[in-house]
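Shown next: structure-v2.csv, containing CSV, C-alpha atoms.
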```
chain,number,residue,atom,x,y,z
N,5,MET,CA,269.4,123.2,108.7
N,6,LYS,CA,272.7,121.3,108.3
N,7,ILE,CA,276.3,122.0,109.2
N,8,THR,CA,278.4,122.5,106.0
N,9,THR,CA,281.9,123.8,107.1
N,10,LEU,CA,284.1,124.3,110.1
N,11,ASP,CA,286.9,126.9,109.8
N,12,LEU,CA,289.6,127.3,112.4
N,13,PHE,CA,291.8,130.3,113.0
N,14,LYS,CA,294.8,130.4,115.3
N,15,VAL,CA,295.0,134.1,116.3
N,16,PRO,CA,297.3,136.0,118.7
N,17,PRO,CA,297.9,136.3,121.5
N,18,ARG,CA,297.1,132.7,122.2
N,19,TRP,CA,293.6,131.8,121.0
N,20,VAL,CA,291.8,129.6,118.5
N,21,PHE,CA,288.5,130.7,117.0
N,22,LEU,CA,286.1,128.3,115.2
N,23,LYS,CA,283.5,129.3,112.6
N,24,VAL,CA,280.7,126.9,112.0
N,25,THR,CA,278.6,127.5,108.9
N,26,THR,CA,275.2,126.0,107.9
N,27,ASP,CA,273.6,125.3,104.6
N,28,ASP,CA,271.2,128.2,105.1
N,29,GLY,CA,274.0,130.7,105.9
N,30,VAL,CA,273.7,130.9,109.7
N,31,VAL,CA,277.1,131.2,111.3
N,32,GLY,CA,278.2,130.4,114.8
N,33,TRP,CA,281.5,131.1,116.6
N,34,GLY,CA,283.3,129.1,119.3
N,35,GLU,CA,286.7,129.2,121.0
N,36,PRO,CA,288.3,125.7,121.3
N,37,ILE,CA,291.7,126.1,123.0
N,38,VAL,CA,294.1,124.6,125.5
N,39,GLU,CA,296.6,127.4,126.2
N,40,GLY,CA,299.9,126.2,124.9
N,41,ARG,CA,298.4,123.3,123.0
N,42,ALA,CA,296.6,125.2,120.2
N,43,ASP,CA,297.6,122.9,117.3
N,44,THR,CA,296.7,119.8,119.3
N,45,VAL,CA,293.1,121.1,119.9
N,46,ILE,CA,292.9,122.2,116.2
N,47,ALA,CA,293.7,118.6,115.2
N,48,ALA,CA,291.0,117.3,117.6
N,49,VAL,CA,288.3,119.6,116.1
N,50,LYS,CA,289.3,118.5,112.6
N,51,GLU,CA,289.0,114.9,113.7
N,52,LEU,CA,285.6,115.5,115.2
N,53,ALA,CA,284.3,117.3,112.1
N,54,SER,CA,283.2,114.1,110.4
N,55,TYR,CA,280.6,113.7,113.1
N,56,LEU,CA,279.3,117.2,112.5
N,57,ILE,CA,279.2,117.8,108.7
N,58,GLY,CA,275.6,117.2,107.5
N,59,SER,CA,274.2,117.2,111.1
N,60,ASP,CA,271.5,119.5,112.4
N,61,PRO,CA,273.4,122.0,114.6
N,62,ARG,CA,270.3,122.6,116.8
N,63,ARG,CA,270.5,119.1,118.3
N,64,ILE,CA,273.2,120.2,120.7
N,65,GLU,CA,272.7,117.6,123.5
N,66,ASP,CA,272.8,114.7,121.0
N,67,LEU,CA,275.9,116.1,119.2
N,68,PHE,CA,277.6,116.5,122.6
N,69,GLN,CA,276.8,112.9,123.5
N,70,VAL,CA,278.2,111.7,120.1
N,71,LEU,CA,281.4,113.8,120.4
N,72,TYR,CA,282.0,112.9,124.0
N,73,ARG,CA,281.0,109.2,124.1
N,74,GLY,CA,281.1,108.2,120.5
N,75,GLY,CA,284.9,107.7,120.4
N,76,PHE,CA,284.9,105.3,123.4
N,77,TYR,CA,287.8,107.2,125.1
N,78,ARG,CA,286.6,110.4,126.8
N,79,GLY,CA,287.5,113.3,128.9
N,80,GLY,CA,290.8,115.2,129.3
N,81,PRO,CA,291.6,118.8,128.4
N,82,VAL,CA,292.1,118.3,124.6
N,83,LEU,CA,288.9,116.5,123.8
N,84,THR,CA,286.7,118.5,126.1
N,85,SER,CA,288.2,121.8,124.9
N,86,ALA,CA,287.6,120.8,121.3
N,87,ILE,CA,284.0,119.9,122.2
N,88,SER,CA,283.6,123.1,124.2
N,89,GLY,CA,284.4,125.4,121.2
N,90,ILE,CA,282.2,123.4,118.9
N,91,GLU,CA,279.3,123.5,121.5
N,92,GLN,CA,279.6,127.3,121.9
N,93,ALA,CA,279.3,127.7,118.1
N,94,LEU,CA,276.2,125.4,118.0
N,95,TRP,CA,274.5,127.5,120.7
N,96,ASP,CA,275.4,130.6,118.7
N,97,ILE,CA,273.8,129.2,115.6
N,98,LYS,CA,270.6,128.0,117.3
N,99,ALA,CA,270.0,131.2,119.2
N,100,ARG,CA,270.8,133.4,116.1
N,101,ALA,CA,268.4,131.3,114.0
N,102,LEU,CA,265.7,132.1,116.6
N,103,GLY,CA,266.7,135.7,117.0
N,104,VAL,CA,267.3,135.4,120.8
N,105,PRO,CA,270.3,135.4,123.1
N,106,VAL,CA,271.6,132.0,124.2
N,107,HIS,CA,270.5,132.6,127.8
N,108,ASP,CA,266.9,132.9,126.7
N,109,LEU,CA,267.1,129.2,125.7
N,110,LEU,CA,268.5,128.2,129.1
N,111,GLY,CA,265.7,129.5,131.3
N,112,GLY,CA,266.1,133.2,130.7
N,113,ARG,CA,267.9,136.0,132.6
N,114,ALA,CA,268.3,135.5,136.4
N,115,ARG,CA,270.1,138.8,136.6
N,116,ASP,CA,270.6,142.1,134.7
N,117,ARG,CA,274.3,142.5,135.2
N,118,VAL,CA,277.4,140.5,136.2
N,119,ARG,CA,280.2,141.5,138.5
N,120,VAL,CA,283.6,141.2,136.8
N,121,TYR,CA,287.2,141.3,137.8
N,122,ASN,CA,290.6,141.8,136.1
N,123,TRP,CA,294.1,140.5,136.7
N,124,ILE,CA,296.9,142.5,138.3
N,125,GLY,CA,300.5,141.7,138.6
N,126,GLY,CA,301.6,138.9,136.3
N,127,ASP,CA,303.0,135.4,136.5
N,128,ARG,CA,305.6,136.7,138.8
N,129,PRO,CA,303.6,139.3,140.7
N,130,ASP,CA,305.4,142.6,141.1
N,131,ASP,CA,303.8,146.0,141.6
N,132,VAL,CA,300.3,144.8,142.6
N,133,ALA,CA,299.6,148.0,144.5
N,134,ALA,CA,299.8,150.0,141.3
N,135,GLY,CA,297.5,147.4,139.7
N,136,VAL,CA,294.9,147.8,142.4
N,137,ARG,CA,295.0,151.6,142.1
N,138,GLN,CA,294.5,151.3,138.3
N,139,GLN,CA,291.5,149.0,138.7
N,140,LEU,CA,289.9,151.4,141.2
N,141,ALA,CA,290.5,154.3,138.7
N,142,ASP,CA,288.8,152.2,136.0
N,143,GLY,CA,285.8,151.6,138.2
N,144,TYR,CA,286.3,148.0,139.1
N,145,THR,CA,285.7,146.6,142.6
N,146,ALA,CA,287.7,143.4,142.5
N,147,ALA,CA,290.9,141.9,141.0
N,148,LYS,CA,292.9,138.7,141.1
N,149,MET,CA,296.6,138.3,141.7
N,150,ASN,CA,299.1,135.4,141.7
N,151,ALA,CA,300.1,134.5,145.2
N,152,THR,CA,303.7,133.6,144.7
N,153,GLU,CA,306.4,132.5,142.4
N,154,GLU,CA,307.4,128.8,142.1
N,155,LEU,CA,307.6,126.9,145.4
N,156,HIS,CA,309.2,123.5,146.1
N,157,TYR,CA,307.3,120.9,148.2
N,158,VAL,CA,308.8,122.5,151.3
N,159,ASP,CA,310.6,125.8,150.6
N,160,ASP,CA,312.1,128.9,152.2
N,161,HIS,CA,309.7,130.8,154.4
N,162,ARG,CA,311.0,134.0,152.9
N,163,LYS,CA,309.0,133.2,149.8
N,164,ILE,CA,305.9,133.1,152.1
N,165,ASP,CA,306.9,136.4,153.6
N,166,ALA,CA,307.3,138.0,150.1
N,167,ALA,CA,303.8,136.8,149.2
N,168,VAL,CA,302.3,138.2,152.4
N,169,ALA,CA,304.1,141.6,151.7
N,170,ARG,CA,302.5,141.7,148.2
N,171,MET,CA,299.1,141.0,149.6
N,172,ALA,CA,299.5,143.6,152.3
N,173,ALA,CA,300.5,146.2,149.7
N,174,ALA,CA,297.5,145.3,147.5
N,175,ARG,CA,295.1,145.5,150.5
N,176,GLU,CA,296.5,148.9,151.6
N,177,ALA,CA,296.1,150.2,148.1
N,178,GLY,CA,292.5,148.9,147.7
N,179,GLY,CA,291.2,149.5,151.2
N,180,ASP,CA,288.5,147.5,152.8
N,181,GLY,CA,286.0,147.8,150.0
N,182,PHE,CA,288.1,146.3,147.2
N,183,ASP,CA,288.0,142.5,146.8
N,184,ILE,CA,291.3,140.7,146.1
N,185,ALA,CA,291.3,137.1,145.0
N,186,VAL,CA,294.6,135.3,145.3
N,187,ASP,CA,295.5,132.6,142.7
N,188,PHE,CA,297.9,129.9,144.0
N,189,HIS,CA,297.8,128.6,140.4
N,190,GLY,CA,298.3,125.0,141.5
N,191,ARG,CA,301.9,125.9,142.0
N,192,VAL,CA,301.9,125.4,145.8
N,193,HIS,CA,302.2,122.0,147.4
N,194,LYS,CA,300.3,121.0,150.5
N,195,ALA,CA,302.9,121.8,153.2
N,196,MET,CA,303.5,125.3,151.9
N,197,ALA,CA,299.8,125.9,151.0
N,198,LYS,CA,298.8,125.3,154.7
N,199,ARG,CA,301.3,128.0,155.8
N,200,LEU,CA,300.4,130.4,153.0
N,201,VAL,CA,296.6,130.3,153.6
N,202,GLN,CA,297.1,131.1,157.3
N,203,GLU,CA,299.5,133.9,156.6
N,204,LEU,CA,297.2,135.5,154.0
N,205,GLU,CA,293.9,135.2,156.0
N,206,PRO,CA,294.3,138.4,158.0
N,207,PHE,CA,294.2,140.4,154.7
N,208,ARG,CA,290.7,139.0,153.9
N,209,PRO,CA,291.2,137.5,150.4
N,210,PHE,CA,288.0,137.3,148.4
N,211,PHE,CA,288.9,133.8,147.6
N,212,ILE,CA,292.0,131.6,147.1
N,213,GLU,CA,292.2,129.8,143.9
N,214,GLU,CA,293.7,126.4,143.1
N,215,PRO,CA,295.6,126.2,146.4
N,216,VAL,CA,297.2,122.8,145.4
N,217,PRO,CA,297.5,121.0,142.1
N,218,PRO,CA,294.1,120.0,140.9
N,219,GLU,CA,294.7,116.2,141.0
N,220,ASN,CA,295.4,116.3,144.7
N,221,LEU,CA,291.9,116.3,146.2
N,222,GLU,CA,293.1,114.8,149.5
N,223,ALA,CA,295.6,117.7,149.8
N,224,LEU,CA,292.8,120.2,149.0
N,225,ARG,CA,290.8,118.8,151.9
N,226,GLU,CA,293.8,119.3,154.2
N,227,VAL,CA,294.3,122.9,153.2
N,228,ALA,CA,290.6,123.7,153.6
N,229,ARG,CA,290.9,122.7,157.3
N,230,HIS,CA,293.5,125.4,157.8
N,231,THR,CA,291.5,128.5,156.6
N,232,THR,CA,288.1,130.1,156.6
N,233,VAL,CA,288.8,131.9,153.3
N,234,PRO,CA,286.6,130.7,150.5
N,235,ILE,CA,288.4,128.2,148.3
N,236,ALA,CA,287.9,128.1,144.5
N,237,VAL,CA,288.9,125.4,142.0
N,238,GLY,CA,287.9,124.1,138.6
N,239,GLU,CA,289.8,125.7,135.7
N,240,ARG,CA,291.5,122.3,135.1
N,241,LEU,CA,288.4,120.1,135.7
N,242,PHE,CA,286.4,118.8,132.8
N,243,THR,CA,282.7,118.0,132.5
N,244,ARG,CA,280.3,117.3,135.3
N,245,TRP,CA,282.1,114.0,136.1
N,246,GLY,CA,285.4,115.9,136.8
N,247,PHE,CA,283.6,118.2,139.2
N,248,LYS,CA,281.4,115.6,140.9
N,249,ASP,CA,283.8,114.5,143.7
N,250,VAL,CA,285.0,118.0,144.4
N,251,ILE,CA,281.4,119.3,144.8
N,252,ALA,CA,280.1,116.3,146.7
N,253,GLN,CA,282.9,116.2,149.2
N,254,GLY,CA,282.2,119.8,150.2
N,255,VAL,CA,285.8,121.0,150.3
N,256,VAL,CA,285.4,124.0,148.1
N,257,ASP,CA,283.2,127.1,148.2
N,258,ILE,CA,283.4,128.3,144.6
N,259,ILE,CA,283.8,126.3,141.4
N,260,GLN,CA,285.4,127.8,138.3
N,261,PRO,CA,284.4,125.9,135.2
N,262,ASP,CA,286.1,127.3,132.0
N,263,LEU,CA,283.6,127.2,129.2
N,264,SER,CA,286.3,126.6,126.6
N,265,HIS,CA,287.6,123.6,128.6
N,266,ALA,CA,284.8,122.0,130.7
N,267,GLY,CA,282.5,121.0,127.9
N,268,GLY,CA,280.8,124.2,126.8
N,269,ILE,CA,277.8,126.3,127.8
N,270,TRP,CA,275.2,123.6,128.5
N,271,GLU,CA,277.7,121.4,130.3
N,272,ALA,CA,278.8,124.3,132.5
N,273,ARG,CA,275.2,125.0,133.3
N,274,LYS,CA,274.8,121.4,134.5
N,275,ILE,CA,277.9,121.7,136.6
N,276,ALA,CA,276.6,125.0,138.1
N,277,ALA,CA,273.2,123.4,138.9
N,278,MET,CA,275.0,120.5,140.7
N,279,ALA,CA,277.0,123.0,142.7
N,280,GLU,CA,273.9,125.0,143.6
N,281,ALA,CA,272.4,121.9,145.2
N,282,TYR,CA,275.5,121.8,147.5
N,283,ASP,CA,275.3,125.6,148.3
N,284,ILE,CA,278.5,126.3,146.2
N,285,ALA,CA,279.0,129.4,144.2
N,286,VAL,CA,280.3,129.7,140.6
N,287,ALA,CA,282.9,132.1,139.2
N,288,PRO,CA,283.6,131.0,135.7
N,289,HIS,CA,287.3,131.0,134.7
N,290,CYS,CA,288.0,133.0,131.5
N,291,PRO,CA,291.5,134.4,130.8
N,292,LEU,CA,290.7,133.9,127.1
N,293,GLY,CA,289.3,135.7,124.1
N,294,PRO,CA,286.0,137.4,123.2
N,295,ILE,CA,284.0,134.3,122.2
N,296,ALA,CA,284.8,132.4,125.4
N,297,PHE,CA,284.0,135.5,127.4
N,298,ALA,CA,280.7,136.0,125.6
N,299,ALA,CA,279.8,132.3,126.2
N,300,SER,CA,280.6,132.8,129.9
N,301,LEU,CA,278.3,135.8,130.1
N,302,GLN,CA,275.5,133.8,128.6
N,303,LEU,CA,276.0,131.3,131.4
N,304,ASP,CA,276.2,134.0,134.0
N,305,ALA,CA,273.0,135.6,132.8
N,306,CYS,CA,270.9,132.5,133.6
N,307,THR,CA,272.8,131.1,136.6
N,308,PRO,CA,271.8,132.4,140.0
N,309,ASN,CA,274.8,131.1,142.0
N,310,VAL,CA,277.3,132.9,139.8
N,311,VAL,CA,279.0,135.5,142.0
N,312,ILE,CA,281.7,137.0,139.7
N,313,GLN,CA,283.2,136.6,136.2
N,314,GLU,CA,286.8,136.6,135.2
N,315,GLN,CA,287.8,138.6,132.0
N,316,SER,CA,291.1,139.0,130.2
N,317,ILE,CA,291.0,142.7,129.3
N,318,GLY,CA,294.5,144.0,130.1
N,319,ILE,CA,295.8,140.6,131.3
N,320,HIS,CA,299.6,140.1,131.0
N,321,TYR,CA,299.2,137.5,128.2
N,322,ASN,CA,297.5,139.9,125.8
N,323,VAL,CA,300.6,141.6,124.5
N,324,GLY,CA,299.8,143.3,121.1
N,325,ASN,CA,296.3,141.9,120.9
N,326,GLU,CA,293.3,142.5,123.1
N,327,LEU,CA,290.0,140.8,123.7
N,328,LEU,CA,288.1,143.7,122.2
N,329,ASP,CA,290.2,143.8,119.0
N,330,TYR,CA,288.2,141.0,117.4
N,331,VAL,CA,284.7,142.4,118.3
N,332,ARG,CA,282.9,144.7,115.9
N,333,ASP,CA,280.9,146.6,118.5
N,334,HIS,CA,282.7,147.3,121.8
N,335,SER,CA,279.6,148.7,123.4
N,336,VAL,CA,278.3,145.1,123.8
N,337,PHE,CA,280.6,145.0,126.8
N,338,THR,CA,279.2,147.9,128.8
N,339,TYR,CA,280.9,148.3,132.2
N,340,ARG,CA,279.6,150.3,135.2
N,341,ASP,CA,280.6,150.2,138.9
N,342,GLY,CA,282.5,146.9,138.5
N,343,TYR,CA,279.6,145.2,136.7
N,344,LEU,CA,278.9,144.4,133.1
N,345,GLU,CA,275.5,144.5,131.5
N,346,VAL,CA,274.2,141.1,130.3
N,347,PRO,CA,274.5,141.1,126.4
N,348,ARG,CA,271.0,141.1,124.9
N,349,GLY,CA,271.9,140.5,121.2
N,350,PRO,CA,271.2,137.2,119.4
N,351,GLY,CA,273.4,134.2,119.8
N,352,LEU,CA,276.4,134.7,122.0
N,353,GLY,CA,275.7,138.4,121.8
N,354,VAL,CA,278.9,139.5,120.0
N,355,GLU,CA,279.7,140.1,116.3
N,356,ILE,CA,283.2,138.8,115.4
N,357,ASP,CA,285.3,140.9,113.0
N,358,GLU,CA,286.0,138.0,110.6
N,359,ALA,CA,288.2,140.1,108.3
N,360,LEU,CA,290.5,140.9,111.2
N,361,VAL,CA,290.4,137.3,112.4
N,362,ARG,CA,291.6,136.1,109.0
N,363,GLU,CA,294.3,138.7,108.8
N,364,ARG,CA,295.8,138.0,112.2
N,365,ALA,CA,295.5,134.2,111.7
N,366,ARG,CA,298.0,134.6,108.9
N,367,ALA,CA,300.5,135.5,111.6
N,368,GLY,CA,299.1,133.0,114.1
N,369,HIS,CA,301.0,132.3,117.3
N,370,ASP,CA,303.0,129.6,119.1
N,371,TRP,CA,302.3,130.6,122.7
N,372,LYS,CA,303.7,128.3,125.3
N,373,ASN,CA,303.7,128.8,129.1
N,374,PRO,CA,307.1,129.1,130.6
N,375,VAL,CA,308.9,126.1,132.2
N,376,TRP,CA,310.0,127.0,135.7
N,377,ARG,CA,312.6,125.2,137.8
N,378,ASN,CA,313.4,125.2,141.5
N,379,ALA,CA,316.8,126.1,142.8
N,380,ASP,CA,317.9,122.5,142.7
N,381,GLY,CA,316.9,122.1,139.0
N,382,THR,CA,313.7,120.1,139.4
N,383,VAL,CA,310.7,121.2,137.4
N,384,ALA,CA,308.4,123.5,139.3
N,385,GLU,CA,304.6,124.1,138.8
N,386,TRP,CA,304.0,127.2,136.7
```

Target format structure tokens, applied to this file:
Amino acid sequence: MKITTLDLFKVPPRWVFLKVTTDDGVVGWGEPIVEGRADTVIAAVKELASYLIGSDPRRIEDLFQVLYRGGFYRGGPVLTSAISGIEQALWDIKARALGVPVHDLLGGRARDRVRVYNWIGGDRPDDVAAGVRQQLADGYTAAKMNATEELHYVDDHRKIDAAVARMAAAREAGGDGFDIAVDFHGRVHKAMAKRLVQELEPFRPFFIEEPVPPENLEALREVARHTTVPIAVGERLFTRWGFKDVIAQGVVDIIQPDLSHAGGIWEARKIAAMAEAYDIAVAPHCPLGPIAFAASLQLDACTPNVVIQEQSIGIHYNVGNELLDYVRDHSVFTYRDGYLEVPRGPGLGVEIDEALVRERARAGHDWKNPVWRNADGTVAEW
């Protein structure tokens, strides 16, 4: 079996899909994307294609090593996201050729179902109480909301008060039995993060996510000293080397590798195993499309320290196009009581509607995240 072609599709709302075809007709799908840098990642995949054409797609570890180490320079969001999408497609091919789900090749199922959560609010959180009530009506038991709008290094305490009021409204709407994760989105700096975590703690957040920008490990350590709420990080960390210090220093409770950024399925499994040795949970990051989501579910199925899975159904980014649009059989994602059954089909477990992918790729997208500024005109974290 040899790889013959790689086809890329930039599809709305903000995704890139990769189709890898072999000489015997087996096809695998992956999702290589950096949100807001789609064309850059497409260029990276095309540049890596020369290493792949004519290669055996089943030699996934060897191909990962070639793609990651063979160019001398390594790491970073663009390269690892390109590799991630390719790697997902290789697992899809290998498992489909054998007629089994990917998780069967990674030790088999460690669970029958995965707890999932949705987003409420938006980039600038507004009516989170209504969002919580909708999630409860839809049968979910957890959601995630943004904590606050942009914050300067040291800012007006009224912004903290507004964040607390939103969390209070969400907690009142959800009651004690509904879990609410709070995403700081790396937009809060150390001084304000210390205040915010203490103010939010009485409302019992499920976890707080990226309380400070990801490069500030020393600030993360300081924030962790000010709260007992579980801290989650990892959507902007890449490969096991990017997670190594965060895990070893014991400053986080949950890691969130993104399988379209961190290096793919097998790399995320290695990261999760490393975390398990330090008694750290896993909650894969996935505000992306159906292929990334399917890949995440394959990881969840065989990873005992996974506690919950993010999904993008109904997320504020998905205007006009939804995760399920590109999937032929929606019943693959069967939800009940806040859980999703582990897909049992071959490969990644989903069948992609290629005709629709090609149709919507003609429109494409040019999604970019907003650029926010503080009151004084300086650029703020988004």

Ranking N:Glu214, N:Asp108, N:Asp131, N:Asp96 by minimum distance to N:Leu352 and counting all atoms listed in the file, which one comes first?
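Ranked by minimum distance to N:Leu352, first place goes to N:Asp96.
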
Quick one: of N:Leu140, N:Val120, N:Val310, N:Ile90, who's nearest to N:Ala276, counting all atoms listed in the file?
N:Val310

Choose the residue, out of N:Cys306, N:Gly179, N:Arg191, N:Ala252, that has the smallest atom-to-atom separation from N:Asp127; count all atoms listed in the file.
N:Arg191

Expressed in Å to a single decimal, how great is the separation between atom CA of N:Phe297 and atom CA of N:Asp341?
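A separation of 19.0 Å between them.
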
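Rounded to one decimal, atom CA of N:Glu203 and atom CA of N:Leu155 lie 15.5 Å from each other.
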
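Across the model, the gap from atom CA of N:Lys372 to atom CA of N:Pro129 is 18.9 Å.
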